[in-house]
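Participant: Handing you a structure now.
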Number of protein chains: 2
Amino acid sequence: MKMSKSSIIALTGLIFLSFVPSDQDEAIIRKIYDEQLTNSPAYDNLKFLTKNIGCRLSGSEALDKAVEYTRNLMLEYDFDTVYLQPVMVSNWNRGRKEVARIVDQSSNTLRELHCLALGYSIGTGDNGVLGEVVEFKSMEALREADDDLIKGRIVFLNQPMDPTLINKFESYHSAVEQREEGAPVAFKKGAIALVIRSVSINNDDSPHTGYMANEGGDIMIPAIAISTNDANYLNDLLKKNNSIKLYIETHCKTLEKVRSYNVIGELKGDKYPEEIIVAGGHIDSWDVGEGAHDDGGACIQSIEIIRTMKVLGIKPLHTIRIVLWADEENSWAGNIAYANKVSEINEKHLVAMESDHGAFTPLGFHYQCANNKYIEILMSLKNMLEPYQLTIFSEGRPGADIEQLKDTTILKLGLFPDSQRYFTLHHSEKDVFEAVDKRELELGAAAMTSMIYLLDRHLDFH
Amino acid sequence: MKMSKSSIIALTGLIFLSFVPSDQDEAIIRKIYDEQLTNSPAYDNLKFLTKNIGCRLSGSEALDKAVEYTRNLMLEYDFDTVYLQPVMVSNWNRGRKEVARIVDQSSNTLRELHCLALGYSIGTGDNGVLGEVVEFKSMEALREADDDLIKGRIVFLNQPMDPTLINKFESYHSAVEQREEGAPVAFKKGAIALVIRSVSINNDDSPHTGYMANEGGDIMIPAIAISTNDANYLNDLLKKNNSIKLYIETHCKTLEKVRSYNVIGELKGDKYPEEIIVAGGHIDSWDVGEGAHDDGGACIQSIEIIRTMKVLGIKPLHTIRIVLWADEENSWAGNIAYANKVSEINEKHLVAMESDHGAFTPLGFHYQCANNKYIEILMSLKNMLEPYQLTIFSEGRPGADIEQLKDTTILKLGLFPDSQRYFTLHHSEKDVFEAVDKRELELGAAAMTSMIYLLDRHLDFH
């Protein structure tokens, strides 16, 4: 039996007045969606960020331009406060295009491989690295392997993402350890280089880069990802012919850290201006493609939260703060600096929301919350968003940039979009503006704005 | 409060034994998804259908090839019965590429327009049609307009899809009447041609064709769709300059009907072989693009239902029948012939399912059912599919090809995929294989198979 909305209100109104959504809320959410779907500048703004500025690796000039551009958007949209938080960010540089090829014993090329060096990996220089290959299907197998098998050889980690998981972020987590921890483990066992299968869901020719653990710079082997098609080819070849070798040449370097910024803008709370509801994405990206889904879309969507509230005359009770965090891809410098500052000044963060799962059709939200009372309130808001096809509200990791926020942050949320297409383009040359659909981008912005609006009004912390 | 599954079973088991999903069902659904996500030939089969055969307009040789190809797939996958139902299908032919341009009073070209003639529209021949333009923003405005305003002029219908509707099929229905009914109304009021704004959601340069009402061939004016960008341009120009004219040249013709086929394959029911659960899509497409989302994906997904059941050794209680209907796009000849045959032989159809909303990530199902008991059973199956992100079960039009099935068909269902991207490519050159994601296609096939499996087991009609 489904109760009518009015009977639910009648039953619970006196007890939980603060979190019973009203017809007025319904009308405001409708207005938020109408504003996004008819007047939103989000798509044009993302076009500028991706096409005019492009990819925004930490340490790059493009990142400076993106900081300036998004700051100006916040000013243009008349945010109450706009400021930059300085952060020293990583400065890994790819240098000249990397090379990887399969060669025979006489160094004749058998196949050129589509490859990308991993973030924080070292360069081989012009002489490259040449060696025999030893393949492992998992990190576990690599960890258990005898060092003698690895010493002096090139380790090839070839673990596909688990195709049977429906949420592709779970598939990603099933395979990403080879990219993050493969090089340290292989190095300690005496390998001369690491090659991984790109952490990507489909079979194609695009390699996918990404972070590897080497902040200290002491993992002294080159490390590359090759495309899934090339990984399959290499796997087949190794079964038939173990006299082949790999030649790898990379020109990357980790340079001195440079100054960049978290871009921050606020709409002051009408009743509790000292209490913060924060939402955002990360302003940096990888240095291939245009960082459109990861995470340009989310930066633009986050800015829309306050723009939309201002246009519609919504006055939030708490202060709404948008943060575009710096250097999520490599060092997490931006989110760590932000969380440290929050702790230092003992700022009260009630809610933190991140969007870092792509600008695809939103399906709902992931949340983390230790207090059942607030989970209940969150669930009571669900029926306000179901008409907008936001139906999935489940526990899950909300986003890297809000992980460091602890203590006073009562509720963390991550926008949960359809994840099926994300890992074909994530960290690759395919993550471009053309891969973003205008409506899907707008629906994500409307979903974030609506949820922030509802939480501001109905999550009573007093 | 959420009841545990076991307590629900304990409470309802004796009363509604037939529709309580069991742990065994849960395991079988997991197997259906695993089979699709690891071993499915669906993506390769769709590649063949779209890339080797291509678009499949009724009356074309390509449609014959598609009939042969899909019939052979059913044979290859060892369906119990495979046969073709002959149907006389429409045979409208586009002929030489159509032309539309804005010209000034001296017939100098101001702009070439991206255009496509509408299905069943007539050709102008080599001399084309030249005339002044009168614009309307809706069918209502056209219907109300004075005939004198229209006589001897070209009617321009310029109604955008409503952008604020979340389900894009609702947006489509808000605007498609101008394509279907615009020409008959304009013709009766004395217009010399019809130009419509493409029924498409975003602004771009691709025109979108589609059916218009002229089966009898008595609407004697040419009718074309122009791209949304061109429609906006023409609208702007008409505001500033009403001395412009349009030149239109089309070479289309409606030829004699030709024989084609509904492609039909079955898996015989173990207990009630005379009772049918039917599922399918339509085998024909428009003559631009490759008919990948509309409706090639669904044909391939439907074939997967029986292939998957056979591979997993699932023996259905009722007969599962797959039908790939002919000529959905123009005359509905295939689905009418099919429904007539069902009535004629008084065949019992319990369930009919169609997929004709694109091969995007499935979100749930639309249904039509006059009997609350069966809606209740359908809803009781929902929690088996929620782990696969199928969360939307709502009343709605399930699909054109199963509309004619009446009387004994107790429950009609339409797969409900994410609809945001569909109307940027529908009936246009953009509806190609590359626009289909492998995982999304497979998830749709798994969703259809799982639902058919559950309905076969739990919908007790006896």
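So you can find residues: chains in the structure tokens are A, B, ... in the order shown, residues in each start at 1, and ligands are numbered from 1 in order.
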Could you work out which residues of chain B fall inside 7 Å of chain A? Count only C-alpha atoms, and format the result as a PyMOL selection string.

Facilitator: chain B and resi 34+37-38+163-164+166+388+391+420-421+437+439-440

Participant: Write out as a PDB file with N, CA, C and O atoms, in the first residue's frame the residues lying within 8 Å of stretch 103-109 of chain A, counting only C-alpha atoms and excluding same-chain residues fewer than 5 positions away.

Facilitator:
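The resulting file, result_15.pdb, is reproduced below:
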```pdb
ATOM      1  N   SER A 243      59.882 -15.705 -26.611  1.00  0.00           N
ATOM      2  CA  SER A 243      61.200 -15.114 -26.897  1.00  0.00           C
ATOM      3  C   SER A 243      61.082 -13.639 -27.281  1.00  0.00           C
ATOM      4  O   SER A 243      62.062 -13.014 -27.649  1.00  0.00           O
ATOM      5  N   ILE A 244      59.881 -13.098 -27.206  1.00  0.00           N
ATOM      6  CA  ILE A 244      59.740 -11.679 -27.552  1.00  0.00           C
ATOM      7  C   ILE A 244      60.219 -10.776 -26.414  1.00  0.00           C
ATOM      8  O   ILE A 244      60.331 -11.220 -25.265  1.00  0.00           O
ATOM      9  N   LYS A 245      60.478  -9.521 -26.768  1.00  0.00           N
ATOM     10  CA  LYS A 245      60.848  -8.521 -25.768  1.00  0.00           C
ATOM     11  C   LYS A 245      59.983  -7.275 -25.951  1.00  0.00           C
ATOM     12  O   LYS A 245      59.309  -7.116 -26.960  1.00  0.00           O
ATOM     13  N   LEU A 246      60.033  -6.410 -24.962  1.00  0.00           N
ATOM     14  CA  LEU A 246      59.373  -5.106 -25.086  1.00  0.00           C
ATOM     15  C   LEU A 246      60.428  -4.012 -25.050  1.00  0.00           C
ATOM     16  O   LEU A 246      61.408  -4.097 -24.291  1.00  0.00           O
ATOM     17  N   TYR A 247      60.210  -3.006 -25.892  1.00  0.00           N
ATOM     18  CA  TYR A 247      61.033  -1.790 -25.824  1.00  0.00           C
ATOM     19  C   TYR A 247      60.126  -0.644 -25.384  1.00  0.00           C
ATOM     20  O   TYR A 247      59.033  -0.443 -25.945  1.00  0.00           O
TER      21      TYR A 247
END
```

Participant: Please indicate the distance in Å from atom CA of B:Ile303 to atom CA of B:Ile322, rounded to one decimal place.

Facilitator: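 Separating atom CA of B:Ile303 from atom CA of B:Ile322 is a distance of 6.7 Å.
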
Participant: Would you please extract all alpha helix (DSSP H) residues from stretch 288-396 of chain B, as assigned by DSSP on the backbone, and give them as number ranges by chain?

Facilitator: B: 297-312, 333-344, 372-385

Participant: Identify, on the basis of only C-alpha atoms, every residue whose closest approach to stretch 404-413 of chain A does not exceed 8 Å; exclude the query and any residue fewer than 4 positions from it along the same chain; express the result as number ranges by chain.

Facilitator: A: 335-336, 339, 342, 348-354, 365-371, 374, 398-400

Participant: Taking only C-alpha atoms into account, which of A:Pro222, A:Pro160, A:Gly182, A:Pro417 comes nearest A:Ser198?

Facilitator: A:Pro160

Participant: Report the residues of stretch 57-151 of chain B whose backbone DSSP state falls under strand (DSSP E), written as an mmCIF file with all heavy atoms, in the first residue's frame.

Facilitator:
```cif
data_model
loop_
_atom_site.group_PDB
_atom_site.id
_atom_site.type_symbol
_atom_site.label_atom_id
_atom_site.label_comp_id
_atom_site.auth_asym_id
_atom_site.auth_seq_id
_atom_site.Cartn_x
_atom_site.Cartn_y
_atom_site.Cartn_z
ATOM 1 N N THR B 81 11.690 -23.298 -33.244
ATOM 2 C CA THR B 81 10.934 -23.059 -34.478
ATOM 3 C C THR B 81 11.383 -21.712 -35.025
ATOM 4 O O THR B 81 11.491 -20.754 -34.261
ATOM 5 C CB THR B 81 9.413 -22.946 -34.180
ATOM 6 O OG1 THR B 81 9.064 -23.964 -33.258
ATOM 7 C CG2 THR B 81 8.594 -23.051 -35.444
ATOM 8 N N VAL B 82 11.627 -21.646 -36.309
ATOM 9 C CA VAL B 82 11.965 -20.362 -36.950
ATOM 10 C C VAL B 82 11.156 -20.264 -38.232
ATOM 11 O O VAL B 82 11.158 -21.207 -39.028
ATOM 12 C CB VAL B 82 13.482 -20.281 -37.276
ATOM 13 C CG1 VAL B 82 13.807 -18.963 -37.963
ATOM 14 C CG2 VAL B 82 14.334 -20.438 -36.013
ATOM 15 N N TYR B 83 10.425 -19.188 -38.408
ATOM 16 C CA TYR B 83 9.664 -19.041 -39.644
ATOM 17 C C TYR B 83 9.462 -17.569 -39.994
ATOM 18 O O TYR B 83 9.724 -16.674 -39.176
ATOM 19 C CB TYR B 83 8.324 -19.781 -39.579
ATOM 20 C CG TYR B 83 7.419 -19.375 -38.436
ATOM 21 C CD1 TYR B 83 6.321 -18.521 -38.640
ATOM 22 C CD2 TYR B 83 7.629 -19.844 -37.140
ATOM 23 C CE1 TYR B 83 5.481 -18.160 -37.596
ATOM 24 C CE2 TYR B 83 6.797 -19.483 -36.084
ATOM 25 C CZ TYR B 83 5.733 -18.646 -36.321
ATOM 26 O OH TYR B 83 4.919 -18.282 -35.282
ATOM 27 N N LEU B 84 9.015 -17.359 -41.226
ATOM 28 C CA LEU B 84 8.782 -15.997 -41.716
ATOM 29 C C LEU B 84 7.291 -15.830 -41.979
ATOM 30 O O LEU B 84 6.665 -16.722 -42.564
ATOM 31 C CB LEU B 84 9.554 -15.758 -43.022
ATOM 32 C CG LEU B 84 11.075 -15.908 -42.957
ATOM 33 C CD1 LEU B 84 11.682 -15.688 -44.355
ATOM 34 C CD2 LEU B 84 11.685 -14.912 -41.977
ATOM 35 N N GLN B 85 6.750 -14.709 -41.544
ATOM 36 C CA GLN B 85 5.344 -14.404 -41.860
ATOM 37 C C GLN B 85 5.322 -13.381 -42.985
ATOM 38 O O GLN B 85 5.769 -12.236 -42.800
ATOM 39 C CB GLN B 85 4.625 -13.830 -40.626
ATOM 40 C CG GLN B 85 3.170 -13.490 -40.911
ATOM 41 C CD GLN B 85 2.470 -12.819 -39.738
ATOM 42 O OE1 GLN B 85 3.097 -12.369 -38.786
ATOM 43 N NE2 GLN B 85 1.142 -12.748 -39.816
ATOM 44 N N PRO B 86 4.817 -13.748 -44.170
ATOM 45 C CA PRO B 86 4.829 -12.803 -45.292
ATOM 46 C C PRO B 86 3.929 -11.595 -45.019
ATOM 47 O O PRO B 86 2.856 -11.741 -44.428
ATOM 48 C CB PRO B 86 4.260 -13.616 -46.463
ATOM 49 C CG PRO B 86 4.306 -15.047 -46.033
ATOM 50 C CD PRO B 86 4.212 -15.049 -44.546
ATOM 51 N N VAL B 87 4.401 -10.428 -45.428
ATOM 52 C CA VAL B 87 3.670 -9.165 -45.247
ATOM 53 C C VAL B 87 3.931 -8.290 -46.455
ATOM 54 O O VAL B 87 5.068 -8.221 -46.921
ATOM 55 C CB VAL B 87 4.209 -8.374 -44.023
ATOM 56 C CG1 VAL B 87 3.253 -7.254 -43.662
ATOM 57 C CG2 VAL B 87 4.499 -9.250 -42.837
ATOM 58 N N MET B 88 2.922 -7.607 -46.951
ATOM 59 C CA MET B 88 3.141 -6.621 -48.015
ATOM 60 C C MET B 88 3.487 -5.293 -47.332
ATOM 61 O O MET B 88 2.686 -4.763 -46.560
ATOM 62 C CB MET B 88 1.897 -6.469 -48.889
ATOM 63 C CG MET B 88 1.527 -7.745 -49.667
ATOM 64 S SD MET B 88 2.878 -8.385 -50.718
ATOM 65 C CE MET B 88 2.878 -7.136 -52.011
ATOM 66 N N VAL B 89 4.685 -4.779 -47.627
ATOM 67 C CA VAL B 89 5.136 -3.574 -46.921
ATOM 68 C C VAL B 89 5.194 -2.358 -47.836
ATOM 69 O O VAL B 89 5.258 -2.483 -49.063
ATOM 70 C CB VAL B 89 6.531 -3.792 -46.261
ATOM 71 C CG1 VAL B 89 6.463 -4.890 -45.211
ATOM 72 C CG2 VAL B 89 7.607 -4.072 -47.292
ATOM 73 N N TRP B 92 8.070 3.364 -50.127
ATOM 74 C CA TRP B 92 8.364 4.772 -50.416
ATOM 75 C C TRP B 92 9.856 4.889 -50.680
ATOM 76 O O TRP B 92 10.666 4.277 -49.977
ATOM 77 C CB TRP B 92 7.959 5.633 -49.215
ATOM 78 C CG TRP B 92 8.288 7.084 -49.375
ATOM 79 C CD1 TRP B 92 7.555 8.026 -50.040
ATOM 80 C CD2 TRP B 92 9.419 7.777 -48.848
ATOM 81 N NE1 TRP B 92 8.159 9.243 -49.964
ATOM 82 C CE2 TRP B 92 9.312 9.129 -49.240
ATOM 83 C CE3 TRP B 92 10.528 7.392 -48.090
ATOM 84 C CZ2 TRP B 92 10.263 10.088 -48.891
ATOM 85 C CZ3 TRP B 92 11.477 8.337 -47.747
ATOM 86 C CH2 TRP B 92 11.334 9.663 -48.147
ATOM 87 N N ASN B 93 10.202 5.672 -51.670
ATOM 88 C CA ASN B 93 11.606 5.743 -52.078
ATOM 89 C C ASN B 93 12.051 7.201 -52.146
ATOM 90 O O ASN B 93 11.375 8.026 -52.765
ATOM 91 C CB ASN B 93 11.711 5.076 -53.462
ATOM 92 C CG ASN B 93 13.136 4.843 -53.860
ATOM 93 O OD1 ASN B 93 13.847 5.782 -54.137
ATOM 94 N ND2 ASN B 93 13.536 3.579 -53.861
ATOM 95 N N VAL B 99 16.740 18.873 -51.929
ATOM 96 C CA VAL B 99 17.399 20.177 -51.824
ATOM 97 C C VAL B 99 16.412 21.161 -51.210
ATOM 98 O O VAL B 99 15.224 21.118 -51.531
ATOM 99 C CB VAL B 99 17.796 20.698 -53.232
ATOM 100 C CG1 VAL B 99 18.184 22.173 -53.201
ATOM 101 C CG2 VAL B 99 18.907 19.855 -53.834
ATOM 102 N N ALA B 100 16.909 22.013 -50.321
ATOM 103 C CA ALA B 100 16.069 23.126 -49.856
ATOM 104 C C ALA B 100 16.984 24.313 -49.632
ATOM 105 O O ALA B 100 18.083 24.170 -49.097
ATOM 106 C CB ALA B 100 15.348 22.759 -48.563
ATOM 107 N N ARG B 101 16.550 25.462 -50.101
ATOM 108 C CA ARG B 101 17.382 26.663 -49.894
ATOM 109 C C ARG B 101 16.511 27.891 -49.695
ATOM 110 O O ARG B 101 15.386 27.961 -50.189
ATOM 111 C CB ARG B 101 18.364 26.851 -51.048
ATOM 112 C CG ARG B 101 17.777 26.983 -52.417
ATOM 113 C CD ARG B 101 18.875 27.206 -53.463
ATOM 114 N NE ARG B 101 19.666 26.012 -53.681
ATOM 115 C CZ ARG B 101 19.634 25.278 -54.814
ATOM 116 N NH1 ARG B 101 18.870 25.643 -55.828
ATOM 117 N NH2 ARG B 101 20.379 24.211 -54.939
ATOM 118 N N ILE B 102 17.079 28.806 -48.922
ATOM 119 C CA ILE B 102 16.435 30.110 -48.771
ATOM 120 C C ILE B 102 16.956 30.992 -49.902
ATOM 121 O O ILE B 102 18.172 31.044 -50.132
ATOM 122 C CB ILE B 102 16.788 30.747 -47.402
ATOM 123 C CG1 ILE B 102 16.434 29.781 -46.252
ATOM 124 C CG2 ILE B 102 16.072 32.086 -47.222
ATOM 125 C CD1 ILE B 102 16.919 30.250 -44.875
ATOM 126 N N VAL B 103 16.042 31.644 -50.610
ATOM 127 C CA VAL B 103 16.461 32.509 -51.726
ATOM 128 C C VAL B 103 15.836 33.898 -51.553
ATOM 129 O O VAL B 103 14.845 34.067 -50.844
ATOM 130 C CB VAL B 103 16.046 31.913 -53.098
ATOM 131 C CG1 VAL B 103 16.747 30.583 -53.350
ATOM 132 C CG2 VAL B 103 14.544 31.765 -53.213
ATOM 133 N N THR B 109 20.708 32.402 -53.846
ATOM 134 C CA THR B 109 20.703 31.566 -52.639
ATOM 135 C C THR B 109 21.233 32.345 -51.436
ATOM 136 O O THR B 109 22.311 32.931 -51.491
ATOM 137 C CB THR B 109 21.584 30.323 -52.857
ATOM 138 O OG1 THR B 109 21.038 29.583 -53.942
ATOM 139 C CG2 THR B 109 21.626 29.453 -51.604
ATOM 140 N N LEU B 110 20.469 32.352 -50.356
ATOM 141 C CA LEU B 110 20.925 32.951 -49.103
ATOM 142 C C LEU B 110 21.486 31.895 -48.162
ATOM 143 O O LEU B 110 22.393 32.162 -47.387
ATOM 144 C CB LEU B 110 19.764 33.684 -48.423
ATOM 145 C CG LEU B 110 19.150 34.830 -49.223
ATOM 146 C CD1 LEU B 110 17.960 35.430 -48.477
ATOM 147 C CD2 LEU B 110 20.184 35.922 -49.511
ATOM 148 N N ARG B 111 20.933 30.702 -48.215
ATOM 149 C CA ARG B 111 21.438 29.608 -47.366
ATOM 150 C C ARG B 111 20.877 28.278 -47.877
ATOM 151 O O ARG B 111 19.692 28.152 -48.154
ATOM 152 C CB ARG B 111 20.993 29.823 -45.913
ATOM 153 C CG ARG B 111 21.467 28.751 -44.916
ATOM 154 C CD ARG B 111 21.054 29.177 -43.515
ATOM 155 N NE ARG B 111 21.188 28.166 -42.499
ATOM 156 C CZ ARG B 111 22.005 28.278 -41.429
ATOM 157 N NH1 ARG B 111 22.792 29.327 -41.277
ATOM 158 N NH2 ARG B 111 22.039 27.336 -40.509
ATOM 159 N N GLU B 112 21.790 27.276 -47.974
ATOM 160 C CA GLU B 112 21.352 25.906 -48.256
ATOM 161 C C GLU B 112 20.906 25.297 -46.931
ATOM 162 O O GLU B 112 21.561 25.492 -45.898
ATOM 163 C CB GLU B 112 22.508 25.066 -48.820
ATOM 164 C CG GLU B 112 23.030 25.518 -50.168
ATOM 165 C CD GLU B 112 22.138 25.095 -51.336
ATOM 166 O OE1 GLU B 112 21.236 24.258 -51.137
ATOM 167 O OE2 GLU B 112 22.336 25.628 -52.449
ATOM 168 N N CYS B 115 18.285 19.078 -45.107
ATOM 169 C CA CYS B 115 16.889 18.635 -45.137
ATOM 170 C C CYS B 115 16.738 17.171 -45.514
ATOM 171 O O CYS B 115 17.641 16.560 -46.091
ATOM 172 C CB CYS B 115 16.100 19.501 -46.113
ATOM 173 S SG CYS B 115 16.604 19.289 -47.824
ATOM 174 N N LEU B 116 15.593 16.614 -45.175
ATOM 175 C CA LEU B 116 15.202 15.259 -45.575
ATOM 176 C C LEU B 116 13.698 15.267 -45.853
ATOM 177 O O LEU B 116 12.923 15.782 -45.036
ATOM 178 C CB LEU B 116 15.486 14.253 -44.453
ATOM 179 C CG LEU B 116 16.934 13.786 -44.251
ATOM 180 C CD1 LEU B 116 17.047 12.971 -42.964
ATOM 181 C CD2 LEU B 116 17.448 12.968 -45.441
ATOM 182 N N ALA B 117 13.313 14.675 -46.967
ATOM 183 C CA ALA B 117 11.880 14.518 -47.252
ATOM 184 C C ALA B 117 11.269 13.572 -46.225
ATOM 185 O O ALA B 117 11.948 12.703 -45.679
ATOM 186 C CB ALA B 117 11.684 13.961 -48.663
ATOM 187 N N VAL B 129 9.800 23.481 -56.163
ATOM 188 C CA VAL B 129 8.709 24.370 -55.757
ATOM 189 C C VAL B 129 9.341 25.617 -55.161
ATOM 190 O O VAL B 129 10.280 25.518 -54.367
ATOM 191 C CB VAL B 129 7.812 23.675 -54.698
ATOM 192 C CG1 VAL B 129 6.939 24.674 -53.962
ATOM 193 C CG2 VAL B 129 6.975 22.578 -55.325
ATOM 194 N N LEU B 130 8.842 26.774 -55.551
ATOM 195 C CA LEU B 130 9.370 28.035 -55.033
ATOM 196 C C LEU B 130 8.201 28.811 -54.446
ATOM 197 O O LEU B 130 7.147 28.911 -55.072
ATOM 198 C CB LEU B 130 10.005 28.821 -56.179
ATOM 199 C CG LEU B 130 10.615 30.182 -55.852
ATOM 200 C CD1 LEU B 130 11.917 30.028 -55.061
ATOM 201 C CD2 LEU B 130 10.891 30.980 -57.143
ATOM 202 N N GLY B 131 8.381 29.336 -53.227
ATOM 203 C CA GLY B 131 7.261 30.083 -52.684
ATOM 204 C C GLY B 131 7.607 30.886 -51.442
ATOM 205 O O GLY B 131 8.663 30.687 -50.824
ATOM 206 N N GLU B 132 6.719 31.772 -51.104
ATOM 207 C CA GLU B 132 6.834 32.521 -49.854
ATOM 208 C C GLU B 132 6.557 31.603 -48.675
ATOM 209 O O GLU B 132 5.879 30.583 -48.821
ATOM 210 C CB GLU B 132 5.822 33.670 -49.845
ATOM 211 C CG GLU B 132 6.201 34.795 -50.789
ATOM 212 C CD GLU B 132 5.118 35.864 -50.849
ATOM 213 O OE1 GLU B 132 4.088 35.698 -50.171
ATOM 214 O OE2 GLU B 132 5.312 36.845 -51.592
ATOM 215 N N VAL B 133 7.035 32.022 -47.507
ATOM 216 C CA VAL B 133 6.964 31.160 -46.335
ATOM 217 C C VAL B 133 6.041 31.776 -45.292
ATOM 218 O O VAL B 133 6.096 32.981 -45.041
ATOM 219 C CB VAL B 133 8.361 31.008 -45.690
ATOM 220 C CG1 VAL B 133 8.320 29.970 -44.577
ATOM 221 C CG2 VAL B 133 9.394 30.659 -46.745
ATOM 222 N N VAL B 134 5.223 30.928 -44.671
ATOM 223 C CA VAL B 134 4.435 31.384 -43.538
ATOM 224 C C VAL B 134 4.682 30.425 -42.380
ATOM 225 O O VAL B 134 4.601 29.211 -42.527
ATOM 226 C CB VAL B 134 2.937 31.543 -43.908
ATOM 227 C CG1 VAL B 134 2.376 30.281 -44.542
ATOM 228 C CG2 VAL B 134 2.117 31.961 -42.703
ATOM 229 N N GLU B 135 5.103 30.991 -41.248
ATOM 230 C CA GLU B 135 5.568 30.166 -40.125
ATOM 231 C C GLU B 135 4.486 30.002 -39.065
ATOM 232 O O GLU B 135 3.766 30.959 -38.750
ATOM 233 C CB GLU B 135 6.806 30.837 -39.500
ATOM 234 C CG GLU B 135 7.339 30.099 -38.273
ATOM 235 C CD GLU B 135 8.615 30.713 -37.705
ATOM 236 O OE1 GLU B 135 9.142 31.688 -38.291
ATOM 237 O OE2 GLU B 135 9.077 30.204 -36.660
ATOM 238 N N PHE B 136 4.419 28.798 -38.476
ATOM 239 C CA PHE B 136 3.530 28.527 -37.340
ATOM 240 C C PHE B 136 4.318 27.828 -36.241
ATOM 241 O O PHE B 136 5.181 27.008 -36.519
ATOM 242 C CB PHE B 136 2.343 27.658 -37.764
ATOM 243 C CG PHE B 136 1.481 28.311 -38.794
ATOM 244 C CD1 PHE B 136 1.684 28.072 -40.145
ATOM 245 C CD2 PHE B 136 0.491 29.213 -38.420
ATOM 246 C CE1 PHE B 136 0.916 28.699 -41.108
ATOM 247 C CE2 PHE B 136 -0.288 29.848 -39.376
ATOM 248 C CZ PHE B 136 -0.080 29.595 -40.725
#
```

Participant: For a quick check of understanding, using only C-alpha atoms, which of B:Asn242, B:Ser174, B:Asn232, B:Ser58 has the smallest distance to B:Ala333?

Facilitator: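 The shortest atom-to-atom distance to B:Ala333 comes from B:Ser58.
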
Participant: Any idea what's packed within 9 Å of B:Ala213, counting only C-alpha atoms, ignoring anything in its chain fewer than 5 positions away? Could you give it as JSON, numbers by chain?

Facilitator: {"B": [119, 120, 121, 179, 180, 181, 182, 183, 184, 219, 330]}

Participant: Compile the contact shell of B:Ile306 as JSON, numbers by chain: residues with an atom at most 8 Å away, counting only C-alpha atoms, same-chain residues fewer than 3 positions apart removed.

Facilitator: {"B": [79, 266, 267, 302, 303, 309, 310, 320, 322, 449]}

Participant: Looking at B:His173, B:His318, B:Lys189, B:Arg94, which one is nearest to B:Asp146, with distances taken over only C-alpha atoms?

Facilitator: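 Smallest distance to B:Asp146 is found for B:Lys189.
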
Participant: Any idea what's packed within 9 Å of stretch 285-287 of chain B, counting only C-alpha atoms, ignoring anything in its chain fewer than 2 positions away? Could you give it as a list in words?

Facilitator: Gly54, Cys55, Arg56, Leu57, Ser58, Ser60, Leu63, Asn93, Arg94, Gly119, Thr209, Gly210, His282, Ile283, Gly289, Glu290, Gly291, Ala292, Asp294, Asp295, Gly296, Asp327, Glu328, Glu329, His427, Ser428 and Glu429 of chain B

Participant: Separation of atom CA of A:Trp325 and atom CA of A:Asp356, in Å?

Facilitator: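 Those two atoms sit 11.2 Å apart.
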